[in-house]
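**Student:** Sharing entry31.txt, compact mmCIF, C-alpha atoms:
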```txt
# COMPACT_ATOMS: atom_id res chain seq x y z
CA ALA A 385 20.59 27.61 48.11
CA GLN A 386 21.94 24.18 47.38
CA SER A 387 23.65 21.70 49.66
CA VAL A 388 25.28 18.32 49.26
CA THR A 389 25.57 15.52 51.78
CA GLN A 390 28.01 12.66 51.50
CA LEU A 391 27.05 10.43 54.38
CA ASP A 392 30.09 8.19 54.29
CA SER A 393 33.35 9.90 55.16
CA GLN A 394 35.38 6.72 54.74
CA VAL A 395 34.66 3.60 52.72
CA PRO A 396 37.06 0.64 52.86
CA VAL A 397 36.48 -2.08 50.29
CA PHE A 398 38.41 -5.10 49.10
CA GLU A 399 39.92 -5.16 45.65
CA GLU A 400 37.56 -6.40 42.92
CA ALA A 401 34.53 -5.89 45.15
CA PRO A 402 31.72 -3.50 44.16
CA VAL A 403 31.38 -0.11 45.79
CA GLU A 404 28.73 2.58 46.14
CA LEU A 405 29.48 6.09 47.35
CA ARG A 406 26.39 7.96 48.43
CA CYS A 407 25.46 11.52 47.60
CA ASN A 408 22.28 13.37 48.48
CA TYR A 409 21.47 16.95 47.65
CA SER A 410 18.89 19.57 48.42
CA SER A 411 17.80 22.37 46.15
CA SER A 412 14.75 24.47 45.39
CA VAL A 413 15.67 24.65 41.71
CA SER A 414 16.83 22.18 39.09
CA VAL A 415 20.44 21.17 39.43
CA TYR A 416 23.30 19.64 37.54
CA LEU A 417 25.28 16.96 39.34
CA PHE A 418 28.94 16.01 39.20
CA TRP A 419 31.35 13.53 40.72
CA TYR A 420 35.03 14.37 41.02
CA VAL A 421 38.02 12.31 42.19
CA GLN A 422 41.04 13.74 43.98
CA TYR A 423 44.30 11.87 44.31
CA PRO A 424 46.77 12.95 47.02
CA ASN A 425 48.26 16.39 46.48
CA GLN A 426 46.38 16.89 43.25
CA GLY A 427 43.42 18.85 42.02
CA LEU A 428 40.04 17.37 41.19
CA GLN A 429 39.35 15.31 38.09
CA LEU A 430 35.87 15.05 36.62
CA LEU A 431 34.52 11.49 36.76
CA LEU A 432 31.06 12.04 35.35
CA LYS A 433 28.18 14.47 35.21
CA TYR A 434 24.42 14.49 34.98
CA LEU A 435 22.88 17.35 33.03
CA SER A 436 19.64 15.91 31.68
CA GLY A 437 18.22 12.87 29.90
CA SER A 438 19.05 9.35 30.95
CA THR A 439 19.34 9.08 34.70
CA LEU A 440 22.18 6.56 34.48
CA VAL A 441 25.41 8.21 33.47
CA LYS A 442 28.69 6.52 32.78
CA GLY A 443 32.04 8.11 33.44
CA ILE A 444 35.72 7.40 33.27
CA ASN A 445 37.54 4.53 34.97
CA GLY A 446 34.45 2.30 34.95
CA PHE A 447 32.38 4.48 37.28
CA GLU A 448 28.70 5.18 36.83
CA ALA A 449 26.08 7.11 38.76
CA GLU A 450 22.33 7.22 38.85
CA PHE A 451 20.27 10.34 39.32
CA ASN A 452 17.16 9.79 41.41
CA LYS A 453 15.04 12.91 41.54
CA SER A 454 12.49 11.60 44.01
CA GLN A 455 15.20 10.64 46.48
CA THR A 456 17.40 13.63 45.56
CA SER A 457 20.34 11.30 45.24
CA PHE A 458 23.23 10.80 42.85
CA HIS A 459 25.10 7.73 44.09
CA LEU A 460 28.37 6.67 42.48
CA ARG A 461 29.02 3.00 41.75
CA LYS A 462 31.70 0.74 40.39
CA PRO A 463 31.18 -3.02 39.98
CA SER A 464 34.80 -3.97 40.66
CA VAL A 465 37.34 -1.64 42.24
CA HIS A 466 41.09 -1.56 41.77
CA ILE A 467 43.87 -0.45 44.07
CA SER A 468 44.29 2.62 41.89
CA ASP A 469 40.77 3.76 42.78
CA THR A 470 41.97 4.67 46.27
CA ALA A 471 41.30 8.41 46.46
CA GLU A 472 38.95 11.08 47.76
CA TYR A 473 35.64 11.42 45.93
CA PHE A 474 33.55 14.58 45.90
CA CYS A 475 29.96 15.05 44.81
CA ALA A 476 29.01 18.51 43.60
CA VAL A 477 25.86 20.29 42.48
CA SER A 478 25.33 23.39 40.42
CA ALA A 479 22.03 25.20 40.20
CA ASN A 480 20.68 25.73 36.72
CA THR A 481 20.59 29.43 37.48
CA GLY A 482 24.15 30.03 38.62
CA ASN A 483 27.86 29.45 38.29
CA GLN A 484 28.79 28.21 41.71
CA PHE A 485 29.42 24.60 42.65
CA TYR A 486 28.50 23.22 46.05
CA PHE A 487 30.69 20.34 47.16
CA GLY A 488 30.05 17.58 49.60
CA THR A 489 32.53 16.87 52.36
CA GLY A 490 34.06 14.02 50.40
CA THR A 491 34.33 10.26 50.78
CA SER A 492 37.69 8.63 51.22
CA LEU A 493 37.70 5.34 49.32
CA THR A 494 40.37 2.87 50.37
CA VAL A 495 40.78 -0.28 48.31
CA ILE A 496 42.29 -3.12 50.30
CA PRO A 497 44.42 -5.68 48.46
CA GLY B 1432 41.04 18.98 26.38
CA ALA B 1433 40.13 21.49 29.10
CA VAL B 1434 43.49 21.48 30.85
CA VAL B 1435 44.13 23.85 33.73
CA SER B 1436 47.68 24.45 34.86
CA GLN B 1437 48.48 25.81 38.30
CA HIS B 1438 51.88 27.07 39.36
CA PRO B 1439 53.74 26.65 41.63
CA SER B 1440 52.72 23.26 42.97
CA TRP B 1441 54.50 23.78 46.29
CA VAL B 1442 55.86 26.89 47.96
CA ILE B 1443 57.49 27.45 51.32
CA CYS B 1444 58.19 30.96 52.50
CA LYS B 1445 58.75 33.09 55.55
CA SER B 1446 55.98 34.80 57.43
CA GLY B 1447 55.31 38.30 56.11
CA THR B 1448 56.12 37.64 52.47
CA SER B 1449 53.64 37.72 49.60
CA VAL B 1450 53.05 34.71 47.40
CA LYS B 1451 51.55 34.67 43.91
CA ILE B 1452 49.82 31.60 42.49
CA GLU B 1453 49.01 31.37 38.80
CA CYS B 1454 46.15 29.53 37.20
CA ARG B 1455 46.14 29.07 33.43
CA SER B 1456 43.66 27.47 31.06
CA LEU B 1457 45.91 25.89 28.44
CA ASP B 1458 43.56 24.90 25.66
CA PHE B 1459 40.43 26.95 26.21
CA GLN B 1460 39.32 30.42 27.15
CA ALA B 1461 38.01 30.73 30.67
CA THR B 1462 35.61 33.56 31.26
CA THR B 1463 35.20 32.45 34.85
CA MET B 1464 37.76 31.01 37.21
CA PHE B 1465 37.34 29.94 40.81
CA TRP B 1466 39.71 29.87 43.74
CA TYR B 1467 39.29 27.31 46.51
CA ARG B 1468 41.03 26.56 49.74
CA GLN B 1469 41.19 23.05 51.12
CA PHE B 1470 42.19 22.05 54.63
CA PRO B 1471 43.48 18.52 55.32
CA LYS B 1472 40.79 15.86 55.01
CA GLN B 1473 38.14 18.49 54.25
CA SER B 1474 36.14 19.65 51.29
CA LEU B 1475 36.83 22.62 49.09
CA MET B 1476 35.94 26.04 50.40
CA LEU B 1477 35.16 28.56 47.68
CA MET B 1478 37.15 31.74 48.26
CA ALA B 1479 36.21 33.80 45.23
CA THR B 1480 34.86 33.79 41.71
CA SER B 1481 37.03 35.54 39.17
CA ASN B 1482 35.65 36.98 35.96
CA GLU B 1483 37.91 38.20 33.20
CA GLY B 1484 38.22 41.94 33.11
CA SER B 1485 36.26 42.62 36.27
CA LYS B 1486 36.70 42.51 40.01
CA ALA B 1487 36.50 39.16 41.73
CA THR B 1488 33.52 38.25 43.85
CA TYR B 1489 34.65 37.11 47.28
CA GLU B 1490 32.78 34.75 49.55
CA GLN B 1491 31.74 35.89 52.97
CA GLY B 1492 34.59 35.82 55.44
CA VAL B 1493 37.36 35.96 52.84
CA GLU B 1494 39.54 39.04 53.16
CA LYS B 1495 39.83 40.64 49.73
CA ASP B 1496 42.84 42.71 50.79
CA LYS B 1497 44.57 39.58 51.98
CA PHE B 1498 43.82 37.42 48.97
CA LEU B 1499 44.23 39.54 45.84
CA ILE B 1500 42.77 38.05 42.69
CA ASN B 1501 43.49 39.28 39.20
CA HIS B 1502 41.95 37.88 36.03
CA ALA B 1503 43.62 39.96 33.36
CA SER B 1504 43.09 37.63 30.41
CA LEU B 1505 40.85 34.79 29.33
CA THR B 1506 43.56 32.27 30.13
CA LEU B 1507 45.16 33.56 33.31
CA SER B 1508 44.02 34.30 36.84
CA THR B 1509 46.35 34.95 39.75
CA LEU B 1510 45.89 34.72 43.50
CA THR B 1511 48.31 36.71 45.65
CA VAL B 1512 48.42 35.95 49.35
CA THR B 1513 49.71 39.19 50.84
CA SER B 1514 51.78 39.32 54.03
CA ALA B 1515 51.29 35.60 54.51
CA HIS B 1516 51.19 34.13 58.01
CA PRO B 1517 51.30 30.51 59.22
CA GLU B 1518 47.49 30.37 59.43
CA ASP B 1519 47.40 30.96 55.66
CA SER B 1520 49.15 27.64 55.12
CA SER B 1521 46.82 25.47 53.11
CA PHE B 1522 46.16 23.77 49.79
CA TYR B 1523 44.86 26.26 47.22
CA ILE B 1524 43.10 25.01 44.09
CA CYS B 1525 41.86 26.91 41.07
CA SER B 1526 39.29 25.85 38.53
CA ALA B 1527 37.92 27.18 35.29
CA LYS B 1528 34.84 26.73 33.19
CA THR B 1529 34.90 26.47 29.43
CA GLY B 1530 31.76 28.56 29.13
CA THR B 1531 29.31 30.59 31.15
CA ALA B 1532 26.47 28.10 31.11
CA SER B 1533 25.63 26.68 34.51
CA ASN B 1534 25.78 23.11 33.19
CA GLN B 1535 29.45 23.40 32.29
CA PRO B 1536 31.76 21.42 34.58
CA GLN B 1537 34.64 23.05 36.37
CA HIS B 1538 38.12 21.89 35.38
CA PHE B 1539 40.67 21.96 38.16
CA GLY B 1540 44.35 22.69 38.43
CA ASP B 1541 46.58 20.39 40.46
CA GLY B 1542 46.66 22.75 43.41
CA THR B 1543 49.33 24.68 45.27
CA ARG B 1544 50.49 23.64 48.69
CA LEU B 1545 51.46 26.78 50.59
CA SER B 1546 53.52 26.48 53.75
CA ILE B 1547 54.30 29.62 55.74
CA LEU B 1548 57.06 29.31 58.31
```
As C-alpha cells, please, write out the structure in this file.
**Tutor:**
Amino acid sequence: AQSVTQLDSQVPVFEEAPVELRCNYSSSVSVYLFWYVQYPNQGLQLLLKYLSGSTLVKGINGFEAEFNKSQTSFHLRKPSVHISDTAEYFCAVSANTGNQFYFGTGTSLTVIP
Amino acid sequence: GAVVSQHPSWVICKSGTSVKIECRSLDFQATTMFWYRQFPKQSLMLMATSNEGSKATYEQGVEKDKFLINHASLTLSTLTVTSAHPEDSSFYICSAKTGTASNQPQHFGDGTRLSIL
C-alpha cells in the first residue's frame, strides 16, 4: 500500500517570500505523484504532476516540485508567493498498478500581506 | 479541458430525507469516478470507486446501503445519501479520470456541502 505524509499542517509566509511545502511518500511499487490546491468551499485543482522523466516539474501559478526518489519526497516550491496562493495544498500518490489516489493530510498555506 | 461539474453545491435538508448529488464530466468520458468525503480541516476520505455500467466498489467502513452510487453513463455518476442524519453532514467531492491508466490525474468537482438538520 501507499501512504503520503505532509509534515507541515500550517505554513504562514509573507507575501513575495519563497515557500516550500513538504511531501514524503512510501510505496513498495513505482508511483505517480501529484499536487492539488483547494480553495475554500471548492474541489481540488491539479497544480502539477510527476509521471516520469525530468525530476523537476513545473505547474500552474508559478509552482514547481522536485521528485527525489532516494528521499521519497516530492516537495512543492514557489519562489515568490501572492495573497491569492492562500489555500489548502494536498500531495497525492498513485501506484503504477492501480486507480486509487492516496492523499496527504494537507498543508494550509497562509500568505501574510 | 477535463471539467467536472458537481450539483448541487450546497444542500440543507431535514433528518430522514434522501439527497442525491450529481457528478458530471462535461468534456470527456469518465470510465471511473470517485466519491470522497471531507471533514473540516481534514484530508479527503475515499468512499467508493464508481465504474460505468458496474457496481461501485466501496471502501471499508462505508455503508453501501446508506450511500448509493450509480454510474449509468460515461459522463454521469450519482451519490444518494439515504435517510440522511446530522452525522452525514459533510463536504462531498467527486472526481473523474479521463482514462483508465494509473498515471492519469483525477479531475475534481467543486464539491457539495451537505447539512442535515
**Student:** For a test of reading the model, state the distance in Å between atom CA of Gln1469 of chain B and atom CA of Lys442 of chain A, rounded to one decimal.
**Tutor:**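 Atom CA of Lys442 of chain A lies 27.7 Å from atom CA of Gln1469 of chain B.
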**Student:** Select, counting all atoms listed in the file, all protein, DNA and RNA residues no farther than 12 Å from (35.7, -0.9, 31.3) in file coordinates, and express the selection as an mmCIF file with C-alpha atoms, in the coordinates of the input.
**Tutor:**
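Result went into result-v3.cif, see below:
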```
data_model
loop_
_atom_site.group_PDB
_atom_site.id
_atom_site.type_symbol
_atom_site.label_atom_id
_atom_site.label_comp_id
_atom_site.auth_asym_id
_atom_site.auth_seq_id
_atom_site.Cartn_x
_atom_site.Cartn_y
_atom_site.Cartn_z
ATOM 1 C CA LYS A 442 28.690 6.520 32.780
ATOM 2 C CA GLY A 443 32.040 8.110 33.440
ATOM 3 C CA ILE A 444 35.720 7.400 33.270
ATOM 4 C CA ASN A 445 37.540 4.530 34.970
ATOM 5 C CA GLY A 446 34.450 2.300 34.950
ATOM 6 C CA PHE A 447 32.380 4.480 37.280
ATOM 7 C CA GLU A 448 28.700 5.180 36.830
ATOM 8 C CA LYS A 462 31.700 0.740 40.390
ATOM 9 C CA PRO A 463 31.180 -3.020 39.980
ATOM 10 C CA SER A 464 34.800 -3.970 40.660
ATOM 11 C CA VAL A 465 37.340 -1.640 42.240
ATOM 12 C CA HIS A 466 41.090 -1.560 41.770
#
```
**Student:** List the spatial neighbours of Leu1457 of chain B as a PDB file with C-alpha atoms, keeping the file's coordinate frame - criterion: any atom at most 12 Å away, all atoms listed in the file, same-chain residues fewer than 5 positions off excluded.
**Tutor:**
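Listed below is the output, selection_9.pdb:
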```pdb
ATOM      1  CA  GLY B1432      41.040  18.980  26.380  1.00  0.00           C
ATOM      2  CA  ALA B1433      40.130  21.490  29.100  1.00  0.00           C
ATOM      3  CA  VAL B1434      43.490  21.480  30.850  1.00  0.00           C
ATOM      4  CA  VAL B1435      44.130  23.850  33.730  1.00  0.00           C
ATOM      5  CA  SER B1436      47.680  24.450  34.860  1.00  0.00           C
ATOM      6  CA  GLN B1437      48.480  25.810  38.300  1.00  0.00           C
ATOM      7  CA  LEU B1505      40.850  34.790  29.330  1.00  0.00           C
ATOM      8  CA  THR B1506      43.560  32.270  30.130  1.00  0.00           C
ATOM      9  CA  LEU B1507      45.160  33.560  33.310  1.00  0.00           C
ATOM     10  CA  ALA B1527      37.920  27.180  35.290  1.00  0.00           C
ATOM     11  CA  THR B1529      34.900  26.470  29.430  1.00  0.00           C
ATOM     12  CA  HIS B1538      38.120  21.890  35.380  1.00  0.00           C
ATOM     13  CA  PHE B1539      40.670  21.960  38.160  1.00  0.00           C
ATOM     14  CA  GLY B1540      44.350  22.690  38.430  1.00  0.00           C
TER      15      GLY B1540
END
```
**Student:** Of the residues A:Ala471, A:Thr489, A:Leu391, A:Pro497, which is the one nearest to Gly427 of chain A, using all atoms listed in the file?
**Tutor:**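 With all atoms listed in the file as the atom set, the closest residue is A:Ala471.
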**Student:** Output as a ChimeraX atom specification the set of chain A residues within 9 Å of chain B, with distances taken over all atoms listed in the file.
**Tutor:** /A:415-418,425-430,433-435,472,474,478-490,492
**Student:** Please measure the separation of atom CA of Val1442 of chain B and atom CA of Asp1519 of chain B, giving the value in Å to one decimal.
**Tutor:** 12.1 Å
**Student:** Quick one: residues within 8 Å of (47.8, 40.7, 49.8) (file frame), counting all atoms listed in the file, please, as a list in words.
**Tutor:**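 I get Ser1449, Lys1495, Asp1496, Lys1497, Phe1498, Leu1499, Thr1511, Val1512, Thr1513, Ser1514 and Ala1515 of chain B for the residues within 8 Å of that point.
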**Student:** Take atom CA of Glu1453 of chain B and atom CA of Pro1439 of chain B and report the distance between them in Å, one decimal.
**Tutor:**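 Taking atom CA of Glu1453 of chain B as the start and atom CA of Pro1439 of chain B as the end point, the length is 7.3 Å.
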**Student:** Can you work out which one of A:Val421, A:Cys407, A:Leu493, A:Leu431 has the shortest atom-to-atom distance to Phe451 of chain A, counting all atoms listed in the file?
**Tutor:**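 The answer is A:Cys407, which sits nearest to Phe451 of chain A.
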**Student:** Hey, which of A:Glu399, A:Lys453, A:Val413, A:Ser438 ends up closest to Asp469 of chain A? Count all atoms listed in the file.
**Tutor:** A:Glu399
**Student:** Would you mind telling me which residue in B:Pro1471, B:Ser1521, B:Tyr1489, B:Cys1454 lies nearest to Ser1504 of chain B when using all atoms listed in the file?
**Tutor:**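 Closest to Ser1504 of chain B of all the choices is B:Cys1454.
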